[in-house]
Amino acid sequence: MRYRLVIMLLILLAPVCGIHAQDSARQNLTVFAATSLTDVFESLRTAFVEANPDVEILLNFSSSSTLAAQLIQGAPADIFASANELQMDLVVDSGLISADAVEIFAHNQLVLIAPADNPAEIASVKDLTNESVLLVLAAPGTPIRAYTDAMLASHNDIYGDEFFDRVMQNLVSEESNVRQVVTRIALGEADAGIVYQSDAIGDVAEKLRMIEIEPAHNQLASYPIAPLSGAANMKLTLKFIGFILSQDAKPIFAEYGFCSPAILTDIPSEDQTPEPTLETDDGAETPHKHCTAPKSLGG
């Protein structure tokens, strides 16, 4: 009787032991990434896990400022991917990330959006000062808002010193992240918003009217990525970052409206008029503060 009981216990426990063995063999990775990276990082995760089936990647999306604050307050993570360098610098200054480990992995730019039927007849940034226009932007402190404010202020030289202030008089809502701006405009709850071009393509594009911003005023958003110094599995962490920086990842970034990493070439002296350019890793040059728009934006 005792022998049969032992056999039955072994049979019952065998599947459980197998599950625990499989769980212990899996490698886990936690990535904190900016909201504007949601779609592309989900696709990147799929591609990486297909090649590394023993890996499980947890993606935590929020505004870069929120993620930086969470990390500084002790939230556990292996990788931080920010939508601007300022928030990355804050985490570096906290001692959680080594400055030497930071890499720029993608660029983005701004686009003006309106509902598909465009009831306010928005045709350019200039129209944001029109009477009764309802404007939605991301909240102050987010990278997208910093880029937006800089872009709008750059139009003061053309439309007058008070242009920026006149635009802000039409601001009716400030959202916690860029995806919420897109949602408000897609639902027709406001007349215009400013988002990253990567947020205005895909399934939501049919609900939006997208208006390009002149390259001379657009802002080139840089996306840095780095491992946390206390990453639980540094080998796996560096492997995933290596994939993000690899040639295999570039078509995925392009599909979602991101530009390949680029570096500023030499800036001319004050007595020279040519505009600074960006040189991509394949040697091609594009205008400063501009990258190629996806086809859905007319690029």
# chains A, B, ... in the order shown; residues from 1 in each chain; ligands from 1

$ closest_atom_pairs --of "stretch 64-132 of chain A" --to "stretch 231-239 of chain A" --cutoff "9 Å" --atoms "only C-alpha atoms" --output "JSON lines"
{"residue": "A:Pro76", "atom": "CA", "partner": "A:Ala231", "partner_atom": "CA", "distance": 8.3}
{"residue": "A:Ala77", "atom": "CA", "partner": "A:Ala231", "partner_atom": "CA", "distance": 6.7}
{"residue": "A:Asp78", "atom": "CA", "partner": "A:Ala231", "partner_atom": "CA", "distance": 4.4}
{"residue": "A:Ile79", "atom": "CA", "partner": "A:Thr237", "partner_atom": "CA", "distance": 7.0}

$ closest_residue --among "A:Asn156, A:Thr148, A:Ser222, A:Ser246" --to "A:Gly193" --atoms "only C-alpha atoms"
A:Thr148

$ closest_residue --among "A:Asp191, A:Asp203, A:Asp161, A:Asp149" --to "A:Leu128" --atoms "only C-alpha atoms"
A:Asp191

$ select_by_dssp --residues "stretch 78-289 of chain A" --states "helix (DSSP H, G or I)" --output "PyMOL selection string"
chain A and resi 85-93+99-101+125-129+143-153+156-159+163-168+178-186+197-200+202-207+234-244+250-255

$ residues_around --residues "A:His107" --least-positions-apart "3" --cutoff "7 Å" --atoms "only C-alpha atoms" --output "ChimeraX atom specification"
/A:220-223,258-261

$ closest_residue --among "A:Ala150, A:Ile213, A:Val31, A:Leu71" --to "A:Leu44" --atoms "only C-alpha atoms"
A:Val31

$ closest_residue --among "A:Ile252, A:Ala192, A:Ile244, A:Ala226" --to "A:Ser98" --atoms "only C-alpha atoms"
A:Ala226

$ closest_residue --among "A:Ala186, A:Ile241, A:Ile211, A:Val92" --to "A:Lys126" --atoms "only C-alpha atoms"
A:Ile211

$ residues_around --residues "A:Gly202" --least-positions-apart "3" --cutoff "9 Å" --atoms "only C-alpha atoms" --output "JSON list (two decimals) with C-alpha atoms, in the first residue's frame"
[["chain", "number", "residue", "atom", "x", "y", "z"],
["A", 198, "SER", "CA", 5.14, 57.22, -35.76],
["A", 199, "ASP", "CA", 1.92, 57.66, -33.76],
["A", 205, "ALA", "CA", -4.39, 56.74, -39.86],
["A", 206, "GLU", "CA", -7.81, 56.43, -41.52],
["A", 256, "TYR", "CA", 6.34, 52.19, -37.79],
["A", 296, "SER", "CA", 1.20, 57.29, -45.44]]

$ decode --residues "stretch 119-145 of chain A" --atoms "N, CA and C atoms" --output "short mmCIF file (atom, residue, chain, number, x, y, z; two decimals), in the first residue's frame"
data_model
loop_
_atom_site.label_atom_id
_atom_site.label_comp_id
_atom_site.auth_asym_id
_atom_site.auth_seq_id
_atom_site.Cartn_x
_atom_site.Cartn_y
_atom_site.Cartn_z
N PRO A 119 -12.90 69.38 -39.47
CA PRO A 119 -13.94 70.41 -39.41
C PRO A 119 -13.40 71.83 -39.27
N ALA A 120 -12.23 72.00 -38.66
CA ALA A 120 -11.66 73.33 -38.49
C ALA A 120 -10.82 73.76 -39.68
N GLU A 121 -10.73 72.88 -40.71
CA GLU A 121 -9.99 73.18 -41.93
C GLU A 121 -8.54 73.56 -41.63
N ILE A 122 -7.90 72.75 -40.83
CA ILE A 122 -6.49 72.96 -40.49
C ILE A 122 -5.63 72.54 -41.69
N ALA A 123 -4.79 73.46 -42.17
CA ALA A 123 -3.93 73.16 -43.30
C ALA A 123 -2.44 73.30 -42.97
N SER A 124 -2.14 74.01 -41.89
CA SER A 124 -0.75 74.22 -41.50
C SER A 124 -0.70 74.64 -40.04
N VAL A 125 0.51 74.73 -39.51
CA VAL A 125 0.69 75.17 -38.12
C VAL A 125 0.11 76.56 -37.91
N LYS A 126 0.17 77.40 -38.92
CA LYS A 126 -0.35 78.77 -38.82
C LYS A 126 -1.82 78.77 -38.41
N ASP A 127 -2.58 77.76 -38.84
CA ASP A 127 -4.02 77.72 -38.57
C ASP A 127 -4.34 77.42 -37.11
N LEU A 128 -3.35 77.07 -36.32
CA LEU A 128 -3.59 76.77 -34.92
C LEU A 128 -3.97 78.01 -34.12
N THR A 129 -3.79 79.19 -34.71
CA THR A 129 -4.20 80.43 -34.03
C THR A 129 -5.59 80.87 -34.46
N ASN A 130 -6.22 80.15 -35.37
CA ASN A 130 -7.55 80.55 -35.84
C ASN A 130 -8.56 80.53 -34.68
N GLU A 131 -9.53 81.38 -34.79
CA GLU A 131 -10.54 81.49 -33.74
C GLU A 131 -11.32 80.19 -33.58
N SER A 132 -11.54 79.78 -32.34
CA SER A 132 -12.36 78.62 -31.96
C SER A 132 -11.71 77.27 -32.26
N VAL A 133 -10.44 77.25 -32.68
CA VAL A 133 -9.75 75.97 -32.87
C VAL A 133 -9.52 75.33 -31.50
N LEU A 134 -9.84 74.04 -31.39
CA LEU A 134 -9.63 73.29 -30.16
C LEU A 134 -8.36 72.45 -30.30
N LEU A 135 -7.33 72.82 -29.55
CA LEU A 135 -6.02 72.20 -29.65
C LEU A 135 -5.76 71.29 -28.46
N VAL A 136 -5.23 70.09 -28.73
CA VAL A 136 -4.85 69.15 -27.68
C VAL A 136 -3.36 68.85 -27.82
N LEU A 137 -2.64 68.94 -26.70
CA LEU A 137 -1.21 68.63 -26.68
C LEU A 137 -0.91 67.70 -25.51
N ALA A 138 0.27 67.11 -25.54
CA ALA A 138 0.73 66.34 -24.39
C ALA A 138 1.10 67.30 -23.27
N ALA A 139 1.11 66.82 -22.06
CA ALA A 139 1.34 67.66 -20.89
C ALA A 139 2.78 68.14 -20.80
N PRO A 140 3.01 69.29 -20.17
CA PRO A 140 4.38 69.76 -19.91
C PRO A 140 5.15 68.71 -19.13
N GLY A 141 6.44 68.59 -19.42
CA GLY A 141 7.27 67.59 -18.76
C GLY A 141 7.48 66.35 -19.59
N THR A 142 6.61 66.11 -20.58
CA THR A 142 6.80 64.98 -21.49
C THR A 142 7.72 65.40 -22.63
N PRO A 143 8.50 64.47 -23.19
CA PRO A 143 9.38 64.83 -24.30
C PRO A 143 8.63 65.43 -25.49
N ILE A 144 7.47 64.86 -25.85
CA ILE A 144 6.73 65.36 -27.00
C ILE A 144 6.32 66.81 -26.80
N ARG A 145 6.01 67.21 -25.56
CA ARG A 145 5.62 68.59 -25.32
C ARG A 145 6.84 69.53 -25.46
#
